[in-house]
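Source file: structure.cif (mmCIF, C-alpha atoms and all ligand atoms)
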data_target
#
loop_
_atom_site.label_atom_id
_atom_site.label_comp_id
_atom_site.auth_asym_id
_atom_site.auth_seq_id
_atom_site.Cartn_x
_atom_site.Cartn_y
_atom_site.Cartn_z
CA MET Z 1 0.00 0.00 0.00
CA GLU Z 2 1.09 3.54 -0.70
CA ASN Z 3 2.62 5.60 2.05
CA MET Z 4 0.42 8.45 3.08
CA TRP Z 5 0.23 11.62 5.18
CA TYR Z 6 3.06 14.01 5.22
CA PHE Z 7 4.06 16.56 7.80
CA GLU Z 8 6.58 19.29 7.74
CA LYS Z 9 9.25 18.43 10.28
CA VAL Z 10 10.05 21.27 12.61
CA ASP Z 11 13.63 22.45 12.46
CA LYS Z 12 13.85 23.12 16.18
CA ASP Z 13 13.08 19.49 16.91
CA PHE Z 14 15.84 18.55 14.63
CA ILE Z 15 18.48 20.77 16.16
CA ARG Z 16 17.62 19.31 19.57
CA GLU Z 17 17.91 15.79 18.22
CA THR Z 18 21.30 16.30 16.67
CA LYS Z 19 22.69 17.72 19.88
CA LYS Z 20 22.23 14.28 21.40
CA ILE Z 21 24.64 12.78 18.91
CA GLY Z 22 28.00 14.00 19.88
CA PHE Z 23 30.24 11.70 18.02
CA VAL Z 24 32.25 13.34 15.24
CA SER Z 25 31.73 16.54 17.06
CA LYS Z 26 34.17 19.00 18.46
CA ILE Z 27 36.10 16.53 20.59
CA LEU Z 28 37.09 14.40 17.65
CA ILE Z 29 37.92 17.36 15.50
CA CYS Z 30 40.09 18.86 18.22
CA TRP Z 31 41.81 15.55 18.58
CA LEU Z 32 42.38 15.37 14.85
CA LEU Z 33 43.80 18.84 14.74
CA LEU Z 34 46.10 18.29 17.68
CA PHE Z 35 47.48 14.94 16.71
CA SER Z 36 47.32 14.60 13.00
CA SER Z 37 47.48 17.60 10.84
CA ALA Z 38 48.69 20.51 12.89
CA GLY Z 39 52.15 20.31 11.38
CA ARG Z 40 50.84 20.30 7.85
CA ALA Z 41 48.21 22.88 8.50
CA ALA Z 42 49.74 25.34 6.09
CA THR Z 43 49.68 23.03 3.06
CA PRO Z 44 46.47 23.48 1.15
CA SER Z 45 45.20 20.21 -0.21
CA ILE Z 46 44.81 20.04 -3.95
CA GLY Z 47 41.38 19.09 -5.12
CA THR Z 48 38.21 18.42 -3.23
CA TRP Z 49 36.68 15.56 -1.26
CA MET Z 50 33.91 15.51 -3.87
CA ASN Z 51 36.43 13.57 -5.90
CA LEU Z 52 35.19 10.57 -3.90
CA GLY Z 53 32.06 10.81 -6.01
CA VAL Z 54 33.93 10.71 -9.29
CA GLN Z 55 37.00 8.60 -8.83
CA GLY Z 56 37.70 5.84 -6.40
CA TYR Z 57 34.02 5.22 -5.89
CA GLU Z 58 34.00 1.47 -6.46
CA VAL Z 59 36.98 0.75 -4.26
CA TRP Z 60 35.00 1.02 -1.01
CA ARG Z 61 33.16 -2.18 -1.73
CA ASN Z 62 36.36 -4.07 -1.31
CA PRO Z 63 38.93 -1.72 0.16
CA GLN Z 64 41.43 -4.44 1.10
CA LEU Z 65 42.12 -5.09 -2.58
CA TYR Z 66 43.35 -1.59 -3.15
CA VAL Z 67 45.76 -1.12 -0.31
CA VAL Z 68 49.14 -0.62 -1.90
CA GLY Z 69 52.10 -1.49 0.29
CA ALA Z 70 51.52 -0.37 3.85
CA GLN Z 71 49.79 2.84 2.77
CA PRO Z 72 46.17 2.83 3.81
CA LEU Z 73 43.71 3.63 1.07
CA CYS Z 74 42.48 6.84 2.66
CA THR Z 75 45.82 8.58 2.26
CA GLN Z 76 45.89 7.74 -1.43
CA ILE Z 77 42.61 9.29 -2.47
CA PRO Z 78 43.44 12.64 -4.02
CA GLY Z 79 41.33 15.51 -2.78
CA LEU Z 80 40.99 14.60 0.90
CA SER Z 81 42.42 17.02 3.42
CA PRO Z 82 44.57 15.57 6.24
CA GLY Z 83 41.61 15.62 8.64
CA GLN Z 84 39.32 14.04 6.08
CA SER Z 85 41.80 11.32 5.41
CA LYS Z 86 41.93 10.58 9.17
CA LEU Z 87 38.14 10.44 9.34
CA CYS Z 88 38.19 8.25 6.28
CA GLN Z 89 40.34 5.75 8.13
CA LEU Z 90 38.13 5.86 11.21
CA TYR Z 91 34.90 5.53 9.26
CA GLN Z 92 35.96 3.48 6.27
CA ASP Z 93 32.58 1.87 5.85
CA HIS Z 94 31.05 5.34 5.41
CA MET Z 95 33.22 6.31 2.49
CA GLY Z 96 31.31 4.52 -0.25
CA PHE Z 97 28.24 6.47 0.86
CA VAL Z 98 30.12 9.74 1.00
CA GLY Z 99 31.13 9.01 -2.60
CA ARG Z 100 27.59 8.08 -3.54
CA GLY Z 101 26.30 11.31 -1.97
CA ALA Z 102 28.86 13.46 -3.75
CA ARG Z 103 28.04 11.75 -7.02
CA GLN Z 104 24.34 12.32 -6.57
CA GLY Z 105 25.02 15.95 -5.69
CA ILE Z 106 27.08 16.48 -8.82
CA ALA Z 107 24.44 14.80 -11.00
CA GLU Z 108 21.73 16.99 -9.49
CA CYS Z 109 23.87 20.09 -10.03
CA GLN Z 110 24.22 19.15 -13.70
CA TRP Z 111 20.51 18.66 -14.02
CA GLN Z 112 19.62 21.92 -12.30
CA PHE Z 113 22.11 23.85 -14.43
CA ARG Z 114 21.64 22.01 -17.71
CA ASN Z 115 20.20 25.11 -19.37
CA ARG Z 116 22.62 27.65 -18.00
CA ARG Z 117 25.90 29.05 -19.20
CA TRP Z 118 27.74 27.33 -16.40
CA ASN Z 119 26.41 23.79 -16.54
CA CYS Z 120 28.26 22.22 -13.62
CA SER Z 121 30.52 20.29 -15.95
CA THR Z 122 33.34 18.28 -14.42
CA VAL Z 123 36.96 17.76 -15.40
CA GLN Z 124 39.14 14.69 -15.11
CA ASP Z 125 41.11 15.56 -12.00
CA SER Z 126 40.72 15.76 -8.26
CA THR Z 127 39.40 19.33 -8.39
CA VAL Z 128 36.26 17.76 -9.95
CA PHE Z 129 34.92 21.06 -11.33
CA GLY Z 130 38.21 22.53 -12.46
CA PRO Z 131 39.65 25.89 -11.40
CA ILE Z 132 36.33 27.68 -11.94
CA LEU Z 133 35.17 26.81 -8.44
CA SER Z 134 38.20 28.38 -6.81
CA ILE Z 135 36.30 31.59 -7.44
CA GLY Z 136 33.93 32.15 -4.52
CA SER Z 137 30.94 32.62 -6.81
CA ARG Z 138 27.26 31.91 -6.41
CA GLU Z 139 27.83 28.77 -8.48
CA ALA Z 140 30.57 27.54 -6.15
CA GLY Z 141 28.16 28.10 -3.28
CA PHE Z 142 25.55 25.91 -4.92
CA ALA Z 143 28.07 23.15 -5.70
CA HIS Z 144 29.21 22.97 -2.08
CA ALA Z 145 25.67 22.95 -0.77
CA ILE Z 146 24.36 20.25 -3.06
CA ALA Z 147 27.35 17.99 -2.43
CA ALA Z 148 26.92 18.30 1.34
CA ALA Z 149 23.18 17.66 0.93
CA GLY Z 150 24.02 14.53 -1.05
CA VAL Z 151 26.25 13.15 1.69
CA VAL Z 152 23.62 13.73 4.40
CA TYR Z 153 21.17 11.96 2.12
CA ALA Z 154 23.32 8.94 1.36
CA VAL Z 155 24.57 8.44 4.93
CA SER Z 156 21.08 8.85 6.48
CA ARG Z 157 19.70 6.22 4.14
CA ALA Z 158 22.66 3.90 4.67
CA CYS Z 159 22.00 4.00 8.44
CA ARG Z 160 18.40 3.07 7.91
CA GLU Z 161 19.35 0.22 5.62
CA GLY Z 162 21.73 -1.16 8.21
CA GLN Z 163 24.81 -0.67 6.06
CA LEU Z 164 26.89 1.17 8.63
CA SER Z 165 28.21 -0.22 11.87
CA SER Z 166 27.81 2.97 13.89
CA CYS Z 167 24.18 3.89 13.18
CA GLY Z 168 20.76 2.39 12.53
CA CYS Z 169 17.19 3.60 12.22
CA SER Z 170 16.49 7.18 13.22
CA ARG Z 171 15.84 7.68 16.90
CA ALA Z 172 14.12 11.00 16.44
CA SER Z 173 11.43 11.55 19.04
CA ARG Z 174 7.78 11.39 18.16
CA PRO Z 175 6.47 14.61 16.59
CA LYS Z 176 4.02 16.34 18.91
CA SER Z 177 1.51 16.93 16.15
CA LEU Z 178 1.22 13.24 15.31
CA ASN Z 179 -2.22 11.71 15.78
CA LYS Z 180 -2.27 9.99 19.18
CA GLU Z 181 -3.61 6.75 17.71
CA TRP Z 182 -0.77 6.31 15.33
CA ILE Z 183 2.39 4.41 16.10
CA TRP Z 184 5.71 6.18 15.87
CA GLY Z 185 8.23 3.53 15.19
CA GLY Z 186 8.87 2.50 11.65
CA CYS Z 187 12.57 2.48 10.76
CA GLY Z 188 13.27 6.04 9.64
CA ASP Z 189 16.08 7.67 7.67
CA ASN Z 190 18.65 8.69 10.24
CA VAL Z 191 19.12 12.31 9.22
CA GLU Z 192 20.38 13.20 12.70
CA TYR Z 193 23.35 10.95 12.20
CA GLY Z 194 23.71 11.87 8.53
CA TYR Z 195 23.85 15.53 9.45
CA LYS Z 196 26.39 15.09 12.20
CA PHE Z 197 28.67 12.86 10.20
CA THR Z 198 28.57 15.15 7.19
CA GLN Z 199 29.28 18.14 9.37
CA GLY Z 200 32.36 16.44 10.75
CA PHE Z 201 33.62 15.12 7.46
CA VAL Z 202 32.89 17.96 5.05
CA ASP Z 203 33.67 20.88 7.35
CA VAL Z 204 36.89 19.56 8.85
CA ARG Z 205 38.90 20.75 5.86
CA GLU Z 206 37.81 24.32 6.50
CA ARG Z 207 38.65 24.11 10.17
CA GLU Z 208 42.09 22.58 10.02
CA ARG Z 209 43.85 25.52 8.48
CA ASN Z 210 44.60 28.78 10.19
CA TYR Z 211 43.76 31.77 8.08
CA ARG Z 212 44.64 35.31 8.85
CA ARG Z 213 41.57 36.96 10.26
CA GLY Z 214 39.78 38.98 7.63
CA SER Z 215 41.84 37.60 4.72
CA ALA Z 216 40.28 36.55 1.43
CA GLU Z 217 41.17 32.92 2.23
CA GLN Z 218 39.33 33.09 5.51
CA GLY Z 219 36.36 34.67 3.76
CA ARG Z 220 36.24 31.81 1.30
CA SER Z 221 36.49 29.26 4.05
CA LEU Z 222 33.61 30.87 5.95
CA MET Z 223 31.61 30.94 2.74
CA ASN Z 224 32.15 27.22 2.25
CA LEU Z 225 31.16 26.48 5.85
CA HIS Z 226 28.00 28.52 5.48
CA ASN Z 227 26.98 26.83 2.22
CA ASN Z 228 27.85 23.34 3.48
CA GLU Z 229 25.49 23.98 6.37
CA ALA Z 230 22.76 25.30 4.07
CA GLY Z 231 23.08 22.12 2.01
CA ARG Z 232 22.86 19.84 5.04
CA ARG Z 233 19.82 21.72 6.27
CA ALA Z 234 18.15 21.45 2.87
CA THR Z 235 18.12 17.67 3.21
CA ILE Z 236 16.78 17.96 6.76
CA LYS Z 237 14.15 20.50 5.81
CA LYS Z 238 12.75 18.30 3.09
CA THR Z 239 12.59 15.25 5.35
CA ARG Z 240 9.00 14.33 6.16
CA VAL Z 241 7.08 12.19 8.52
CA THR Z 242 5.55 9.42 6.47
CA CYS Z 243 2.89 6.99 7.59
CA LYS Z 244 1.48 3.77 6.33
CA CYS Z 245 -1.84 2.04 6.82
CA HIS Z 246 -2.01 -1.55 7.89
CA GLY Z 247 -4.97 -3.75 8.53
CA VAL Z 248 -7.34 -5.92 6.60
CA SER Z 249 -7.84 -4.70 3.02
CA GLY Z 250 -6.95 -1.11 3.67
CA SER Z 251 -9.07 -0.76 6.80
CA CYS Z 252 -6.32 1.34 8.26
CA SER Z 253 -6.83 0.00 11.76
CA LEU Z 254 -3.13 0.39 12.39
CA VAL Z 255 -0.99 3.32 11.28
CA THR Z 256 2.77 3.43 11.67
CA CYS Z 257 4.88 6.48 11.00
CA TRP Z 258 8.53 7.21 10.53
CA GLN Z 259 10.92 9.84 9.24
CA GLN Z 260 11.56 9.72 5.50
CA LEU Z 261 13.90 11.55 3.15
CA SER Z 262 12.27 13.35 0.24
CA SER Z 263 13.37 12.70 -3.32
CA PHE Z 264 16.75 14.22 -4.03
CA ARG Z 265 15.21 16.26 -6.85
CA GLU Z 266 13.10 18.12 -4.28
CA ILE Z 267 16.28 19.03 -2.42
CA GLY Z 268 17.89 20.14 -5.68
CA ASP Z 269 14.90 22.34 -6.57
CA TYR Z 270 14.96 23.86 -3.10
CA LEU Z 271 18.67 24.65 -3.26
CA LYS Z 272 18.28 26.05 -6.76
CA ASP Z 273 15.82 28.58 -5.31
CA LYS Z 274 18.37 29.37 -2.63
CA TYR Z 275 20.94 29.86 -5.39
CA ASP Z 276 18.66 32.36 -7.13
CA GLY Z 277 18.20 34.22 -3.86
CA GLY Z 278 21.83 33.97 -2.77
CA THR Z 279 23.35 36.84 -0.82
CA GLU Z 280 26.65 38.53 -1.55
CA VAL Z 281 28.78 38.78 1.56
CA LYS Z 282 32.29 39.84 2.49
CA VAL Z 283 34.59 39.05 5.35
CA ASN Z 284 35.15 41.86 7.81
CA ARG Z 285 38.23 42.65 9.86
CA ARG Z 286 36.93 40.75 12.84
CA GLY Z 287 36.89 37.62 10.68
CA ARG Z 288 33.13 37.35 10.22
CA LEU Z 289 30.96 37.35 7.15
CA GLN Z 290 28.74 40.34 6.69
CA VAL Z 291 26.25 41.30 4.02
CA LYS Z 292 27.92 43.36 1.33
CA ASN Z 293 24.95 45.59 0.69
CA PRO Z 294 23.68 46.67 4.12
CA SER Z 295 20.16 47.18 2.80
CA TYR Z 296 19.83 43.43 2.26
CA ALA Z 297 18.70 41.09 4.99
CA VAL Z 298 21.24 39.00 6.86
CA PRO Z 299 21.03 35.49 5.41
CA THR Z 300 19.88 32.67 7.66
CA ALA Z 301 21.71 29.38 7.90
CA ASN Z 302 19.38 28.04 5.21
CA GLU Z 303 20.45 30.59 2.60
CA LEU Z 304 23.37 30.45 0.20
CA VAL Z 305 26.07 33.10 0.25
CA PHE Z 306 28.90 34.08 -2.08
CA ILE Z 307 31.81 36.48 -1.90
CA ASP Z 308 32.89 36.90 -5.54
CA GLU Z 309 31.05 37.99 -8.64
CA SER Z 310 30.62 35.16 -11.13
CA PRO Z 311 33.28 35.03 -13.84
CA ASP Z 312 32.37 35.37 -17.49
CA TYR Z 313 30.96 31.99 -18.46
CA CYS Z 314 30.40 33.11 -22.04
CA ILE Z 315 33.89 32.77 -23.44
CA GLN Z 316 36.40 30.03 -22.98
CA ASN Z 317 39.13 30.99 -20.55
CA THR Z 318 41.44 28.20 -19.51
CA THR Z 319 43.11 30.29 -16.82
CA ILE Z 320 39.92 30.47 -14.78
CA GLY Z 321 38.51 27.24 -16.19
CA SER Z 322 35.54 28.67 -18.04
CA GLN Z 323 34.46 26.42 -20.90
CA GLY Z 324 32.48 29.07 -22.74
CA THR Z 325 29.17 28.41 -24.45
CA VAL Z 326 30.37 27.81 -28.02
CA GLY Z 327 28.59 24.73 -29.33
CA ARG Z 328 26.01 24.63 -26.56
CA PRO Z 329 22.48 23.78 -27.67
CA CYS Z 330 19.97 26.61 -27.17
CA ASN Z 331 16.26 27.24 -27.60
CA ARG Z 332 15.44 29.80 -30.28
CA THR Z 333 12.03 30.69 -28.88
CA SER Z 334 12.84 30.87 -25.19
CA ASP Z 335 13.44 34.13 -23.31
CA GLY Z 336 15.09 32.27 -20.45
CA MET Z 337 18.69 31.31 -19.78
CA ASP Z 338 18.34 28.44 -22.28
CA GLY Z 339 17.28 30.86 -25.04
CA CYS Z 340 19.80 31.44 -27.80
CA SER Z 341 20.28 35.13 -27.08
CA LEU Z 342 21.30 34.64 -23.44
CA MET Z 343 23.05 31.29 -23.84
CA CYS Z 344 25.10 32.46 -26.83
CA CYS Z 345 25.87 35.83 -25.22
CA GLY Z 346 24.82 37.70 -28.36
CA ARG Z 347 27.17 35.83 -30.70
CA GLY Z 348 24.35 34.21 -32.62
CA TYR Z 349 23.74 30.56 -33.35
CA ASN Z 350 23.95 27.90 -36.01
CA THR Z 351 20.92 25.98 -37.12
CA GLN Z 352 20.98 22.39 -38.18
CA LYS Z 353 17.99 20.69 -39.73
CA THR Z 354 17.51 17.07 -38.94
CA THR Z 355 14.73 14.58 -38.77
CA VAL Z 356 13.74 12.38 -35.89
CA LYS Z 357 11.84 9.12 -36.17
CA GLU Z 358 9.13 8.68 -33.59
CA ARG Z 359 6.52 6.14 -32.69
CA CYS Z 360 3.17 7.75 -33.26
CA LYS Z 361 -0.55 7.17 -33.86
CA CYS Z 362 -0.47 4.31 -31.44
CA LYS Z 363 -3.52 2.08 -31.19
CA PHE Z 364 -4.32 -0.26 -28.37
CA HIS Z 365 -5.59 -3.67 -29.46
CA TRP Z 366 -7.64 -5.87 -27.17
CA CYS Z 367 -5.86 -7.65 -25.58
CA CYS Z 368 -2.97 -6.78 -25.15
CA HIS Z 369 -0.72 -5.11 -27.60
CA VAL Z 370 -0.06 -1.63 -28.89
CA GLU Z 371 0.50 -0.90 -32.54
CA CYS Z 372 2.27 2.26 -33.62
CA LYS Z 373 3.30 3.89 -36.85
CA THR Z 374 6.61 5.53 -37.41
CA CYS Z 375 6.44 9.23 -38.13
CA ILE Z 376 9.24 11.40 -39.34
CA ARG Z 377 9.38 14.85 -37.85
CA ASN Z 378 11.61 17.72 -38.96
CA VAL Z 379 13.43 19.46 -36.16
CA GLU Z 380 15.85 22.33 -36.04
CA LEU Z 381 18.74 22.19 -33.64
CA HIS Z 382 20.37 25.43 -32.63
CA THR Z 383 23.85 25.69 -31.22
CA CYS Z 384 25.79 28.74 -30.13
CA LYS Z 385 28.42 30.26 -32.40
C1 LIG Y 1 40.78 34.98 -18.36
O1 LIG Y 1 40.35 35.49 -17.11
C2 LIG Y 1 41.30 36.26 -16.43
C3 LIG Y 1 40.75 36.59 -15.05
O2 LIG Y 1 39.46 37.14 -15.15
C4 LIG Y 1 41.60 37.51 -17.26
O3 LIG Y 1 42.58 38.30 -16.59
C5 LIG Y 1 42.11 37.10 -18.62
O4 LIG Y 1 42.29 38.22 -19.43
C6 LIG Y 1 41.11 36.13 -19.28
N1 LIG Y 1 41.70 35.59 -20.50
C7 LIG Y 1 41.06 35.60 -21.66
C8 LIG Y 1 41.75 34.93 -22.80
O5 LIG Y 1 39.96 36.11 -21.78
C1 LIG Y 2 28.39 21.53 -20.46
O1 LIG Y 2 28.80 22.38 -21.48
C2 LIG Y 2 29.97 21.97 -22.15
C3 LIG Y 2 30.35 23.03 -23.15
O2 LIG Y 2 30.42 24.28 -22.55
C4 LIG Y 2 29.71 20.63 -22.83
O3 LIG Y 2 30.88 20.17 -23.46
C5 LIG Y 2 29.28 19.62 -21.77
O4 LIG Y 2 28.90 18.41 -22.38
C6 LIG Y 2 28.12 20.12 -20.95
N1 LIG Y 2 27.98 19.24 -19.81
C7 LIG Y 2 26.82 18.84 -19.33
C8 LIG Y 2 26.87 17.96 -18.13
O5 LIG Y 2 25.76 19.19 -19.81
C1 LIG Y 3 11.77 26.28 -26.12
O1 LIG Y 3 11.17 27.33 -25.38
C2 LIG Y 3 9.78 27.43 -25.55
C3 LIG Y 3 9.32 28.69 -24.82
O2 LIG Y 3 9.84 28.74 -23.52
C4 LIG Y 3 9.12 26.16 -25.03
O3 LIG Y 3 7.72 26.23 -25.19
C5 LIG Y 3 9.68 24.96 -25.78
O4 LIG Y 3 9.16 23.76 -25.25
C6 LIG Y 3 11.20 24.93 -25.72
N1 LIG Y 3 11.70 23.89 -26.59
C7 LIG Y 3 12.53 22.94 -26.19
C8 LIG Y 3 12.97 21.97 -27.23
O5 LIG Y 3 12.92 22.87 -25.05
#
Would you write out, as structure tokens, the structure that this file holds?
Amino acid sequence: MENMWYFEKVDKDFIRETKKIGFVSKILICWLLLFSSAGRAATPSIGTWMNLGVQGYEVWRNPQLYVVGAQPLCTQIPGLSPGQSKLCQLYQDHMGFVGRGARQGIAECQWQFRNRRWNCSTVQDSTVFGPILSIGSREAGFAHAIAAAGVVYAVSRACREGQLSSCGCSRASRPKSLNKEWIWGGCGDNVEYGYKFTQGFVDVRERERNYRRGSAEQGRSLMNLHNNEAGRRATIKKTRVTCKCHGVSGSCSLVTCWQQLSSFREIGDYLKDKYDGGTEVKVNRRGRLQVKNPSYAVPTANELVFIDESPDYCIQNTTIGSQGTVGRPCNRTSDGMDGCSLMCCGRGYNTQKTTVKERCKCKFHWCCHVECKTCIRNVELHTCK
């Protein structure tokens, strides 16, 4: 039977729940900083942890096979910061899900931006998106948020499915608004754990370096932390209470409810709105982010922020990693970002006439087959000059 009844989960409940889980929290991070990476704190790591979603994704199914010499696998994955590589060793069984989450985040980013000048395309190295994301743009903010959202998603589900040794079904307390007759107790997605783990793993790289207060580097780091949090919260915010009827032929004499992740597309749509409403910020001398234009509202933890203007995505520029929009398909009749005038940045477009074969005029014959004709349709494809 279909699941039914959905409630908005209250954020305050959630924050209280996560406080109960203290595991990868400050203590561990302090420990990591003191004993592992303090000496190397000045070396920026090349690449990003999101590389786990692109390369080295399969290895976690059978990590023993990949250990080369005495070097543990976690130190060989390019893109992990020293702290992340330590957490990787401690939570090896989580890493396949971190990779899965990153991969899902990247795929969603590409879907959300498929009709835009910057289309979230990836490159073949551990930076994943190429140098373009070293600019603290609105787009970089979105990429960080959606990747963090993906990891919360994948880890929360993995807990529920019993795939991780350190977590299981959600232990969130019963929502107050839930009908008294209904049972709270199905196995729910453990977003409390997913959130905490992701916070530890994704944010550690921003916390293990010491930046000069008020410097551009510190500003970027604060921006990443803010957007990582917004991404994690997006997954939480979209999580619902879901219930199911039991009983003889749908009599619904018994109702059980649990916490359930939404579809990842819903999270992507939500973050895309946050991208559109993103706030430009700057780092001040006290080492805090502040809104650049004081007449704008201070963003909440759910909003996305950025510190740099977006680069020119119109023309190819290998220095900054912009691919340009030459050759991109566009829509001649659309006024939106996918329309040829915006997509091609005023350079004009080429038109190619082709035909597509389609099944058409289908008839249903009793019983049971469908008969179709093949139609040939002329289409025009437009691509940017
Ligand atoms: C590439 O971008 C950089 C930084 O914005 C700029 O200085 C440079 O002139 C650009 N190069 C080209 C070929 O447009
Ligand atoms: C993004 O655009 C580039 C050209 O700018 C194209 O080569 C690439 O296939 C596109 N990627 C996706 C994921 O749509
Ligand atoms: C092009 O844009 C128009 C207007 O927004 C829309 O109706 C049409 O479906 C689009 N065509 C394609 C192929 O996406």
### Message
Neighbouring residues of Z:Asp189 were defined as those with any atom within 9 Å, considering only C-alpha atoms; residues of the same chain fewer than 3 positions away were excluded. Please report them as a list of chain:residue names.
### Response
Z:Tyr153, Z:Val155, Z:Ser156, Z:Arg157, Z:Ala158, Z:Cys159, Z:Arg160, Z:Glu161, Z:Gly168, Z:Cys169, Z:Ser170, Z:Glu192, Z:Gly194, Z:Thr239, Z:Trp258, Z:Gln259, Z:Gln260, Z:Leu261
### Query
With all atoms listed in the file as the basis for distance, which of Z:Thr354, Z:Thr242, Z:Ser134, Z:Asn119 is at the shortest distance from ligand LIG 2 (chain Y)?
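For ligand LIG 2 (chain Y), the nearest of the candidates is Z:Asn119.
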### Query
Which protein, DNA or RNA residues have an atom within 8 Å of ligand LIG 1 (chain Y), counting all atoms listed in the file, as a list in words?
Pro311, Asp312, Ile315, Gln316, Asn317, Thr318, Thr319 and Ile320 of chain Z
### Message
I need every residue sitting at most 6 Å from the point (19.0, 34.1, -26.0) (coordinates as in the file, all atoms listed in the file considered), written as a list of chain:residue names.
### Response
Z:Gly339, Z:Cys340, Z:Ser341, Z:Leu342, Z:Met343
### Query
What lies within 12 Å of Z:Gln110 using only C-alpha atoms, ignoring chain neighbours under 6 positions off, as an MDAnalysis selection string?
chainID Z and resid 103:104 116:122 129 139 142:143 146:147 265 268 272
### Task
Compare Z:Leu254, Z:Cys330, Z:Val298, Z:Val128 by their minimum atom-to-atom distance to Z:Gly47, counting all atoms listed in the file, and give me the closest one.
Z:Val128
### Best match for closeness to ligand LIG 3 (chain Y) among Z:Gly200, Z:Gly336, Z:Gly219, Z:Pro82, counting only C-alpha atoms and all ligand atoms
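The shortest atom-to-atom distance to ligand LIG 3 (chain Y) comes from Z:Gly336.
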### Selected residue, from Z:Gly231, Z:Gly247, Z:Pro329, Z:Gly348, that lies nearest to ligand LIG 3 (chain Y) when counting all atoms listed in the file
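Of the candidates, the smallest distance to ligand LIG 3 (chain Y) is held by Z:Pro329.
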Find the residues near ligand LIG 3 (chain Y). Use a cut-off of 7 Å, count only C-alpha atoms and all ligand atoms, and write them as a PDB file with C-alpha atoms, in the frame of the given file.
ATOM      1  CA  ASN Z 331      16.260  27.240 -27.600  1.00  0.00           C
ATOM      2  CA  ARG Z 332      15.440  29.800 -30.280  1.00  0.00           C
ATOM      3  CA  THR Z 333      12.030  30.690 -28.880  1.00  0.00           C
ATOM      4  CA  SER Z 334      12.840  30.870 -25.190  1.00  0.00           C
ATOM      5  CA  ASP Z 335      13.440  34.130 -23.310  1.00  0.00           C
TER       6      ASP Z 335
END
